Every structure is written in structure tokens, then in C-alpha cells.
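Engineer: Before I ask anything, here is the structure I am working with.
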Amino acid sequence: MLSKAKLWLSLALGTLIFWSAGLHAAWDLNMPRGVTQMSRDTYDLHMTIFWWCVAIGVVVFGAMLWSIINHRKSKGVQPATFHESTKVEIVWTLIPFLILIAMAIPATRVLTAAYDTTESELDIQIIGYQWRWEYRYMRESMDEEEVSFFSVLSTSREEINNDVEKGENYLLEVDRPLVIPTNTKVRFLMTSADVIHAWWVPDFAIKKDTIPGFINETWVIVEEPGIYRGQCAELCGMDHGFMPIEVHALERADYDAWYAQQQENVRQIQQLAGSAITMQDAMAQGEQIYNRNCVACHQAGGVGMPPVFPAIAGSAKATGDVAVTMETLVHGVPGTAMAAYGRQLNPIELASIITYVRNAYGNSTGDLVQPADVNAYIQEGQ
Amino acid sequence: MSAHDHHHGPAKGLSRWLYTTNHKDIGSMYLWFSFAMFLLGGTFALVIRAELFQPGLQFVEPNFFNQMTTMHGLVMVFGAVMPAFVGLANWMIPLMIGAPDMALPRMNNWSFWILPFAFAMLVSTLFMEGGGPNFGWTFYAPLSTTYAPASVTFFIFAVHIMGASSIMGSINVIATILNMRAPGMTLMKMPLFVWTWLITAYLLIAVMPVLAGVVTMMLFDIHFGTSFFSAAGGGDPVLFQHLFWFFGHPEVYIMILPAFGIVSAIIPTFARKRLFGYDSMVYATASIAFLSFIVWAHHMFTVGMPLAGQLFFMYATMLIAVPTGVKVFNWVATMFRGAMTFETPMLFAIAFVVLFTLGGFTGVMLAITPADFQYHDTYFVVAHFHYVLVPGAVFSLMAAAYYWLPKWTGYMYDETLGKLHFWLSFIGVNLLFFPQHFLGLAGMPRRIPDYALQFANFNWISSVGGFLFGFSQLILLFVVIKCIKGGKKATAQVWEGAQGLEWTVPSPAPYHTFETPPDPSLIKAQ
């Protein structure tokens with residue numbers, strides 16, 4: 001009886017959700033054709049093999065259905081006695097073999113093209129972290145400012161916990177998207193800082209594992225400007241479902257302007273790193289950083305999920321010696337999901353988050369850590 | 001009853017089951033154990049489907065969700081499907097080849113009785129500090145080593161015990177088949193279920209030590225300072241995947257070859273017509289087993305292998321379609337111009353052929369490497385392997401249970417309930433897994449506890465199907481208990497068209513059978 005009740009409940013609920021979520025809901029049945037030559041070739045391969053399967057299915061299931069309808073004992077038929085035929089066996093071995101050869105040829109061609117990573121015009125390093133991506137643009141020379149940043153899920157915890165309505169790009173949006181130029185061969189160099197992740201954008205037909213200790217290569221030429229979304233595809237721990245990919249493809253001129261702006265930002269932050277911040281600013285910015293980077297594990301209110309993810313409220317590391325808090329934030333805790341934020345955040349952000357965890361959730365050390373303190377700590381370690 | 005007979009009857013009470021060396025008792029215990037694990041693994045699956053019923057986090061935390069996907073996979077593969085086939089092998093192989101028992105009865109007892117302890121240990125990790133294994137049933141390093149919860153050590157020992165049980169079971173199957181066939185039962189007269197199990201047993205002996213090796217390397221990485229899989233220490237995380245899939249790919253055939261044997265027994269029975277090509281079925285099974293050793297890296301097309309490696313594994317994988325096709329064509333040719341009836345075992349067998357073939361089609365699609373870049377690690381893959389494992393392997397097990405229940409219990413099962421069970425399972429399983437193809441193609445990765453809004457529709461359909469399929473399995477439990485308690489008496493022959501030695505002994509099969517070899521005239525060509 002339970003099953004029946006549940007079923008009806010599910011059906012009723014399901015219908016309700018279908019209607020309420022109807023605006024965004026989609027009934028996509030097939031793979032996207034995508035925006036690159038590679039994705040269109042892949043789509044064509046996919047459809048070719050699909051139609052071969054349909055054709056074989058029609059023959060095989062047709063023969064079965066014919067037999068089921070006509071060759072049933074209730075119709076008074078006598079079973080035939082034929083069996084074993086080498087000729088028939090050879091025929092139904094050869095035909096699939098030939099179909100497979102017909103499939104293997106175009107598949108080999110597409111795969112060979114996918115492996116041609118030469119002559120790229122722009123190289124971007126992609127590094128997987130639990131649970132975010134870092135993008136580093138390879139410079140022409142070491143004198144240039146390095147453009148590199150982390151890309152983190154920007155969907156709020158309230159949306160995930162069903163406290164507010166979900167936005168259109170729920171779980172597929174980030175704070176800082178990867179930006180690439182269109183009609184340019186962009187090579188991606190992929191690795192990981194912890195476990196294996198996989199960087200996947202369906203519209204590019206690119207899926208490649210990012211593996212610690214390895215550098216994998218792949219490439220893309222995007223023809224149409226636009227926003228393309230994807231997700232991490234390889235199970236990488238707790239928040240595997242919460243590290244999306246967002247790529248903005250811009251016309252070359254727009255891209256160049258964006259890139260120059262990024263370099264300008266780097267210069268500004270370098271200049272600001274020496275200046276002091278106020279307690280109020282530190283706490284405000286710290287809260288933002290906490291909600292973006294820390295809340296998944298340490299939870300709202302800093303209560304954590306012991307024993308795997310310790311609480312911040314009342315924690316010895318957050319309320320004791322400031323050097324310990326700094327070490328934890330800057331270098332992370334090896335072998336755990338606690339990442340080293342020394343490279344992910346700039347000194348102002350680091351100073352803010354350190355100040356925040358020492359003064360929020362009932363912690364009240366009263367310390368205000370300055371960017372200069374963080375810089376001093378990092379330089380001391382080097 | 002003479003004193004002699006009494007001496008050979010089963011012992012009374014619990015000691016019968018603890019100390020038994022009887023292949024039928026051990027077979028029954030394997031089957032009950034696997035059914036219990038099927039319900040447990042199914043419960044884990046329902047937690048997953050409940051959470052995925054709609055977008056957002058409703059019931060479980062992401063970390064617990066990952067424990068559920070991991071435990072679901074491990075329990076279903078190692079606890080439900082594999083022991084169920086071993087149970088059938090125990091019950092049926094001696095009856096099919098005219099042997100009095102398995103060749104190594106005491107080891108048989110041991111290989112069963114270590115299993116409950118292995119699974120008790122595995123499931124207990126869910127209650128440990130830090131939670132149970134949360135790295136997927138494929139447990140890729142370094143997620144399963146450097147970043148694993150502390151309970152991973154218990155997982156490793158549980159896998160060791162399961163592997164030992166499988167290896168012992170396989171040695172027993174091989175020793176029985178090669179040494180204990182009745183006079184006149186030549187290899188090429190053996191029922192296909194015996195053939196497929198012989199080949200499966202060799203696969204198990206070949207790959208279980210590799211699994212044992214890879215989990216031992218994990219143990220050393222975690223506790224003894226080695227760096228097999230840790231890049232920071234000069235190790236290689238991809239090595240883990242090569243080792244795992246060298247085990248893992250033959251493993252999936254271990255779960256399907258005996259299913260082929262079952263279906264090859266049931267279809268001729270209910271079509272009242274000989275299997276179309278017995279010899280080619282044997283050769284096709286052997287070819288599939290051989291190919292299973294040279295295709296493992298098709299699970300790893302995205303790890304960045306060299307082009308030559310990708311091409312080799314693509315071609316080898318595509319080749320599997322050929323012998324598999326031979327099998328499907330043979331089943332259809334057997335049904336063609338037969339005189340079919342559609343009792344529950346036949347319904348499950350026909351559904352097996354259709355839905356397993358669907359899983360085979362998606363398998364060929366997955367072999368096309370560039371297309372695999374899109375399919376890999378999405379719900380398309382989830383749909384693919386569930387189609388070959390649920391309406392594939394699991395349906396064959398249900399077909400087998402209905403087919404041989406009268407022989408085991410001496411009573412006919414309730415046909416109406418059996419058919420109800422079939423139709424609810426058939427509808428449920430397709431509602432559950434068919435929409436997952438669409439989800440995968442539209443871009444939904446596997447192993448995520450929450451998803452983007454465009455995946456909402458097919459997820460709720462899938463969840464509804466999941467609950468329908470899951471609760472329908474209670475009907476099977478009811479049918480089996482009802483059949484054990486009584487019903488219409490079964491004849492020795494049971495099914496009009498059934499062939500083979502197991503139908504020459506009374507129903508229920510006596511505690512001891514074939515104490516003297518059967519009359520060679522009873523052994524016919526298949």
C-alpha cells in the first residue's frame with residue numbers, strides 16, 4: 001500500500017513541479033550541436049551511430065515482435081525444428097563487422113583532429129581544485145602582469161537549500177567566468193591541485209580530466225560569441241555538483257579590451273596591498289568571501305560538519321595565535337579539503353577573511369589583520 | 001524411511017545452515033543473501049532518487065549522497081548480482097551436469113559464510129566517524145586515498161574478503177565442471193549456463209587478484225607511506241584507473257555472461273524449439289571473455305591517453321558488438337517459428353533480450369571515442385550500464401528464479417503475481433532509466449546531488465520509475481515465500497519444453513541427487 005500511496009504522491013508532486021518550474025524546464029532529448037567544428041563533427045558521429053542502432057533495432061526487434069505475434073502456441077502452431085547454420089552465422093557476424101568499419105573511419109578522423117593541439121594562438125592553464133577552477137592566462141613575457149583567477153559557484157546557498165526561488169542559471173553560474181576570444185585557437189593545459197576533476201563544456205564537445213601530476217591538453221576554436229556553460233564531470237568529493245564552468249566567448253577586440261583591464265586590475269591590487277583596511281570593511285568583505293568559499297564545508301554560522309569539516313565558531317585555530325589562523329588560510333591543511341588560499345585570494349581579501357573568522361560567529365579576538373601583515377607572513381615563509 | 005536415508009537428510013536447526021556442505025543449501029543461502037543485499041542496495045538507490053526528485057537539496061547532505069552512490073554500487077555489484085549468480089551456479093551446475101555435489105563442498109561453505117561478514121563490515125562504515133566510503137564504487141585515487149574518510153580501511157578489507165569469496169567460488173565451479181560431469185556429458189553437450197559459468201569463473205580468477213592488488217596498494221598509500229597513486233610522491237593517479245578497469249571491465253562481463261546462459265536455457269524451453277546455434281553461442285561467449293581483457297581503457301578515454309592508445313581501445317571495444325550481436329541474433333532465431341508461451345520466466349527473458357540489446361546499442365555509441373567525450377561521466381553512461389545490469393543481469397536472475405522455483409520448492413509459483421511483478425518491473429525500470437539517456441545527452445553529469453533546472457522534468461520521471469520498480473520487488477519476495485509454503489504440486493518436468501538433467505530429478509529436488517550417475521541416454525545434444 002505504501003508503494004501505491006508514494007506513487008500517487010510522486011505523481012501529484014511531479015505534476016506540480018512541472019507546472020511551477022515550467023518556465024525553465026526543458027525536455028531536451030539530444031546532445032547540443034555546439035559551436036565548434038569539433039562539436040558538430042562529434043554530433044554527426046553521434047547521430048550516425050544512433051541511426052545505425054535504430055536500423056539494427058528495427059530489424060532485430062521487428063523479427064522478435066513478428067515471432068511473438070505469429071509463432072505462439074495459442075495459435076496452434078507447431079514448432080519448427082531447424083537449427084545451426086554456418087552460413088547464417090557468418091552473415092550475421094560479417095554485417096555488423098562491416099558497419100563497425102564504416103563507423104570507425106570517420107571516428108578516427110575526428111579523433112585525430114581533436115588531438116592536434118599544435119599552433120595555438122592563446123594558451124590557458126586550467127587547474128581543478130576542490131571545488132573551484134583556476135584559470136591562468138599564459139603570458140607573452142614574464143614582465144607582463146599575470147592574469148589568473150579562481151572561478152567559484154555564484155548560486156547562493158539559499159537557492160540550493162530551497163529558501164528562495166532558484167535563478168535561471170541555477171548551479172551553472174560562477175563569480176568570474178573564463179573569457180576567451182572567438183575564432184582563435186585556444187589551447188587548454190589542464191591539471192589539478194588535489195583530486196581528479198574533469199572540465200566539460202558540452203557546446204565545445206570538450207571533456208578532459210584534470211589530474212594531479214599530469215598536464216592534459218585540448219583545444220577549442222569558438223566561432224560564435226556567447227556564454228557557454230558546463231560542469232565538473234569527474235566525482236571529486238563533497239561539492240562535485242557545485243563547481244560549474246562558465247565561459248564567455250568575446251569578439252577579438254572585446255577580448256583584448258577585457259584582457260587589458262584584467263592586467264590593470266592586477267597592477268591596482270599590487271598598489272593597494274600596502275594600504276590599511278578598516279575593521280568594518282574587513283568584516284563586510286570577509287563575510288562575502290566566507291559565503292563564496294567557506295560556507296559549503298564550514299556551514300552557515302560557522303558550525304561546520306564535524307568531524308570532517310571542523311567548526312569555526314569557538315575553534316582554537318580561529319581564536320588562538322593569529323599566526324595559526326594565517327597559516328591555515330594561506331597554506332591550507334594538506335590531505336583535507338581545506339585549500340591553500342594564499343594563491344586564491346589577494347592580500348586584502350586574505351586579511352579580510354582572517355579578520356572575519358577571528359571575529360564572527362561568537363569569536364571575539366578583536367584583532368584586525370592588515371594586508372601588510374599577510375604580506376609579511378607570506379614573505380617570511382618564502 | 002530407512003536409517004540410511006535418514007542419515008543423509010539435512011541437519012536440524014541453525015547448524016544445518018552453519019555447517020552445511022550441501023550445494024543446494026549453500027545455493028539457497030547465496031540466493032537469500034543476494035536478495036537481502038538487493039533490497040539494501042535498492043534502499044540506497046531510493047535515497048538517491050528521492051534527493052534527485054527535484055532540484056535543490058531536500059533530504060541528504062552532499063557528502064551522505066556520495067556515500068549512498070558508492071554503497072549502492074558496491075552492494076549491488078558485489079552483494080546482489082555476483083552472489084546471486086554464484087547461488088544459481090551452486091544449485092544448478094551439479095544438477096545440470098549430473099554431479100552429486102560441488103567438487104569442494106567445505107570450501108563452498110566457507111566462501112559463502114565469509115560474505116555476510118564482509119558486508120557487515122562494509123555497511124558498518126556508514127555509522128563510523130567521518131562516514132562511509134564516498135568516492136564512488138570505482139574509488140578513483142587520490143580521492144579514495146589521500147582524501148578518503150578514515151573508514152576506507154574497512155572498505156579495503158571488505159573488498160579483500162569479497163574477492164577471496166569470489167576466487168574460492170570460481171575454483172569450485174571450475175573443479176566441478178571439469179571433473180564431475182556425468183559419463184556422456186561432454187563439454188559440447190553442457191547446457192550454456194554451465195559453459196558461461198565456466199568462462200566466468202576463469203574471468204574471476206584472472207581479475208580478482210588485480211582488484212586485491214589495487215586495494216592493497218591503496219592501503220599502503222594510506223598507512224605505510226608509499227606513493228603508488230600520489231603524484232606528490234612521484235606516483236601516478238592514472239595507474240589506479242588502469243589497474244581498476246583491468247579488473248573492472250571483465251567484472252561487468254562476469255555479471256552478464258551467466259545471464260546469457262540463463263536466457264539461452266529459458267528461450268528454447270518456452271519456444272519449444274532447440275537453441276538455434278549452440279556452438280556459435282559457446283564461441284561467442286569465449287570471444288567476449290577474451291575481448292574483455294583488451295578494452296579496459298575505454299572507461300578512461302578522457303584521461304589523456306596518446307592517440308594510438310585511444311584508437312586501439314576504440315577499435316577493440318567496437319569489436320565486442322560482433323559476438324554480442326551473434327548472441328542476440330541466435331536468441332531471436334530460436335524464437336522465430338517456435339511455438340511460444342509467455343509464462344513469467346519467458347517474459348523476463350524476452351525483456352532481457354530487448355532491453356539488454358538497448359544497453360548494447362548505447363555501448364556501441366560509447367565506444368566511438370569522440371562521442372564518448374560527450375557521453376562520459378554523464379547520465380547517458382548511467383542509463384547505459386543500468387540497462388545492461390538491471391533489465392539485463394537482474395531480469396535474467398528473476399527469470400531464473402521463476403524458472404527453477406518449482407524445481408527448488410516442489411510447488412508452482414503464483415503465475416498471476418509473477419506476471420504482475422514482471423509488468424510493474426518492466427514499466428518501472430524503463431521509466432527509471434530511459435529518461436536518463438536524455439539527461440545525459442542534455443549535459444547532466446553523474447554523481448551529483450543537485451542539478452540545473454533544465455534537468456528537472458526527466459529527473460522526476462526517473463524518480464517515480466525508481467520507486468515503482470523498487471517497491472515492485474516486494475512482490476517477488478511474497479511470491480517466493482508463498483511458493484515455499486505450498487501451491488500446486490510441480491512435476492519433475494515442470495515446463496513442457498524444458499530440456500536437461502535437472503528436469504529428470506523429482507520436484508523438489510531431493511537433498512542428494514545423482515549419487516549414481518544418470519543414464520547416459522538422458523544426455524542429449526543441446
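Letters A, B, ... go to the chains of the C-alpha cells in the order shown; residues in each chain start at 1; ligands are counted from 1 in the same order.
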Residues within 8 Å of stretch 33-49 of chain A, please, as a list in words. Count only C-alpha atoms; anything in the same chain fewer than 4 positions from it doesn't count.
Structural biologist: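 Within the cut-off, the hits are Cys53, Met103, Pro106, Ala107, Val110, Ala114, Pro202, Asp203, Phe204, Ala205, Ile206, Val220, Ile221, Val222, Glu223 and Glu224 of chain A; Val364, Met365, Ile368, Pro370 and Ala371 of chain B.
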Engineer: Near B:Phe434, within 9 Å and counting only C-alpha atoms, which residues show up once chain neighbours fewer than 5 positions away are dropped, as a list in words?
Structural biologist: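 Answer for this query is Ala383, Tyr387, Val429 and Ser462 of chain B.
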Engineer: How would the residues just chosen look if you wrote them out with N, CA and C atoms as a PDB file, in the first residue's frame?
Structural biologist:
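The result, written out as result-v3.pdb:
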ATOM      1  N   ALA B 383      22.576   5.484 -17.651  1.00  0.00           N
ATOM      2  CA  ALA B 383      21.488   4.763 -18.324  1.00  0.00           C
ATOM      3  C   ALA B 383      22.021   3.516 -19.008  1.00  0.00           C
ATOM      4  N   TYR B 387      20.922  -0.233 -17.963  1.00  0.00           N
ATOM      5  CA  TYR B 387      20.169  -1.061 -18.910  1.00  0.00           C
ATOM      6  C   TYR B 387      20.779  -2.451 -19.044  1.00  0.00           C
ATOM      7  N   VAL B 429      11.239  -0.035 -14.628  1.00  0.00           N
ATOM      8  CA  VAL B 429      12.658   0.049 -14.992  1.00  0.00           C
ATOM      9  C   VAL B 429      12.845   0.978 -16.187  1.00  0.00           C
ATOM     10  N   SER B 462      12.166   9.871 -13.695  1.00  0.00           N
ATOM     11  CA  SER B 462      13.080   8.800 -13.314  1.00  0.00           C
ATOM     12  C   SER B 462      12.854   8.375 -11.859  1.00  0.00           C
TER      13      SER B 462
END
Engineer: For chain A, work out the contacting residues on chain B at 6 Å, counting only C-alpha atoms, and write them as a VMD selection string.
Structural biologist: chain B and resid 56 to 57 62 to 63 130 142 to 143 146 to 147 231 276 to 277 302 to 304 322 332 336 to 341 361 370 to 371 373 to 374 377 438 441 to 442 445 448 452 454 471
Engineer: Extract the full set of strand (DSSP E or B) residues from stretch 95-334 of chain A according to DSSP on the backbone, and format it as JSON, numbers by chain.
Structural biologist: {"A": [122, 123, 124, 125, 126, 127, 128, 129, 132, 133, 134, 135, 136, 137, 148, 149, 150, 151, 153, 174, 178, 179, 180, 181, 186, 187, 188, 189, 190, 191, 192, 197, 198, 199, 200, 201, 206, 207, 208, 209, 210, 216, 217, 218, 219, 220, 226, 227, 228, 229, 230, 231, 232, 244, 245, 246, 247, 248, 249, 250, 305, 309]}
Engineer: Quick one: write out the picked residues with C-alpha atoms as an mmCIF file, in the first residue's frame?
Structural biologist:
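Okay, part_38.cif is ready:
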data_model
loop_
_atom_site.group_PDB
_atom_site.id
_atom_site.type_symbol
_atom_site.label_atom_id
_atom_site.label_comp_id
_atom_site.auth_asym_id
_atom_site.auth_seq_id
_atom_site.Cartn_x
_atom_site.Cartn_y
_atom_site.Cartn_z
ATOM 1 C CA LEU A 122 46.391 31.505 -26.850
ATOM 2 C CA ASP A 123 47.276 29.120 -24.021
ATOM 3 C CA ILE A 124 45.254 28.962 -20.830
ATOM 4 C CA GLN A 125 46.078 26.775 -17.884
ATOM 5 C CA ILE A 126 43.081 25.208 -16.128
ATOM 6 C CA ILE A 127 43.648 23.909 -12.613
ATOM 7 C CA GLY A 128 40.994 21.932 -10.758
ATOM 8 C CA TYR A 129 40.568 22.396 -7.008
ATOM 9 C CA ARG A 132 36.546 25.522 -7.979
ATOM 10 C CA TRP A 133 38.540 26.178 -11.122
ATOM 11 C CA GLU A 134 41.570 28.364 -11.576
ATOM 12 C CA TYR A 135 42.289 29.908 -14.951
ATOM 13 C CA ARG A 136 45.789 31.226 -15.720
ATOM 14 C CA TYR A 137 46.486 33.037 -18.941
ATOM 15 C CA SER A 148 44.891 34.458 -13.263
ATOM 16 C CA PHE A 149 41.812 33.984 -11.161
ATOM 17 C CA PHE A 150 39.577 31.480 -9.447
ATOM 18 C CA SER A 151 36.099 30.754 -10.670
ATOM 19 C CA LEU A 153 29.918 28.885 -7.989
ATOM 20 C CA VAL A 174 30.170 31.498 -11.425
ATOM 21 C CA LEU A 178 36.620 32.153 -18.147
ATOM 22 C CA VAL A 179 36.886 34.636 -21.014
ATOM 23 C CA ILE A 180 38.224 33.602 -24.416
ATOM 24 C CA PRO A 181 38.366 35.244 -27.859
ATOM 25 C CA VAL A 186 42.808 28.404 -27.673
ATOM 26 C CA ARG A 187 44.796 25.606 -26.097
ATOM 27 C CA PHE A 188 43.907 24.471 -22.594
ATOM 28 C CA LEU A 189 46.598 22.955 -20.368
ATOM 29 C CA MET A 190 44.858 21.082 -17.608
ATOM 30 C CA THR A 191 45.966 19.852 -14.235
ATOM 31 C CA SER A 192 44.704 19.554 -10.694
ATOM 32 C CA HIS A 197 38.308 16.640 -11.840
ATOM 33 C CA ALA A 198 37.052 16.852 -15.417
ATOM 34 C CA TRP A 199 36.495 20.085 -17.299
ATOM 35 C CA TRP A 200 33.485 19.786 -19.571
ATOM 36 C CA VAL A 201 31.626 22.255 -21.774
ATOM 37 C CA ILE A 206 35.449 19.033 -24.757
ATOM 38 C CA LYS A 207 35.746 16.838 -21.711
ATOM 39 C CA LYS A 208 39.164 16.273 -20.249
ATOM 40 C CA ASP A 209 40.285 15.054 -16.847
ATOM 41 C CA THR A 210 42.441 17.351 -14.750
ATOM 42 C CA ASN A 216 46.465 17.264 -20.320
ATOM 43 C CA GLU A 217 45.965 19.266 -23.466
ATOM 44 C CA THR A 218 42.951 20.103 -25.523
ATOM 45 C CA TRP A 219 41.884 22.980 -27.725
ATOM 46 C CA VAL A 220 38.913 24.906 -28.993
ATOM 47 C CA GLY A 226 28.223 33.864 -26.309
ATOM 48 C CA ILE A 227 28.019 32.370 -22.849
ATOM 49 C CA TYR A 228 28.656 28.639 -22.644
ATOM 50 C CA ARG A 229 28.150 26.575 -19.517
ATOM 51 C CA GLY A 230 29.388 23.261 -18.237
ATOM 52 C CA GLN A 231 30.191 21.335 -15.091
ATOM 53 C CA CYS A 232 32.869 19.231 -13.463
ATOM 54 C CA PRO A 244 30.336 24.728 -12.685
ATOM 55 C CA ILE A 245 32.149 26.182 -15.663
ATOM 56 C CA GLU A 246 31.090 29.390 -17.365
ATOM 57 C CA VAL A 247 32.864 30.560 -20.490
ATOM 58 C CA HIS A 248 32.326 33.914 -22.133
ATOM 59 C CA ALA A 249 33.451 33.965 -25.748
ATOM 60 C CA LEU A 250 34.097 37.544 -26.904
ATOM 61 C CA MET A 305 30.151 19.407 9.902
ATOM 62 C CA PHE A 309 34.716 19.790 8.470
#
Engineer: Separation of atom CA of B:Trp503 and atom CA of B:Met107, in Å?
Structural biologist: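 Straight-line distance from atom CA of B:Trp503 to atom CA of B:Met107 works out to 27.4 Å.
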Engineer: Name the residues in contact with B:Ile256 at a cut-off of 9 Å, using only C-alpha atoms, excluding same-chain residues fewer than 2 positions from it; report them as a PyMOL selection string.
Structural biologist: chain B and resi 200+251-254+258-261+388-389+392-393+396
Engineer: Output C-alpha atoms of each residue in that selection to a file, as a compact mmCIF listing (two decimals), in the first residue's frame.
Structural biologist:
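Saved to result-v3.txt:
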# COMPACT_ATOMS: atom_id res chain seq x y z
CA THR B 200 33.01 -16.51 -15.95
CA GLU B 251 33.93 -7.72 -13.97
CA VAL B 252 30.98 -6.35 -15.93
CA TYR B 253 31.08 -9.44 -18.14
CA ILE B 254 31.25 -11.57 -15.02
CA PRO B 258 25.86 -16.25 -16.70
CA ALA B 259 22.80 -14.17 -17.62
CA PHE B 260 23.38 -15.19 -21.25
CA GLY B 261 23.42 -18.80 -20.08
CA VAL B 388 22.67 -3.90 -19.16
CA LEU B 389 22.68 -4.57 -15.43
CA GLY B 392 19.97 -7.21 -18.19
CA ALA B 393 21.59 -9.14 -15.36
CA SER B 396 17.88 -12.75 -16.01
Engineer: Fewer than 4 positions away in the same chain doesn't count, so skip those; otherwise give me all residues within 12 Å of stretch 517-521 of chain B, counting only C-alpha atoms, as a list of chain:residue names.
Structural biologist: B:Pro94, B:Leu95, B:Met96, B:Ile97, B:Gly98, B:Ala99, B:Pro100, B:Asp101, B:Met180, B:Arg181, B:Ala182, B:Pro183, B:Gly184, B:Met185, B:Thr186, B:Lys189, B:Gly500, B:Leu501, B:Glu502, B:Trp503, B:Thr504, B:Val505, B:Thr513, B:Ala525
Engineer: For the atom pair atom CA of A:Ile378 and atom CA of A:Glu327, what is the interatomic distance in Å to one decimal place?
Structural biologist: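 Atom CA of A:Glu327 lies 9.1 Å from atom CA of A:Ile378.
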Engineer: For atom CA of B:Trp137 and atom CA of B:Met71, determine how far apart the two atoms are, in Å to one decimal place.
Structural biologist: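 Between atom CA of B:Trp137 and atom CA of B:Met71 the gap is 7.1 Å.
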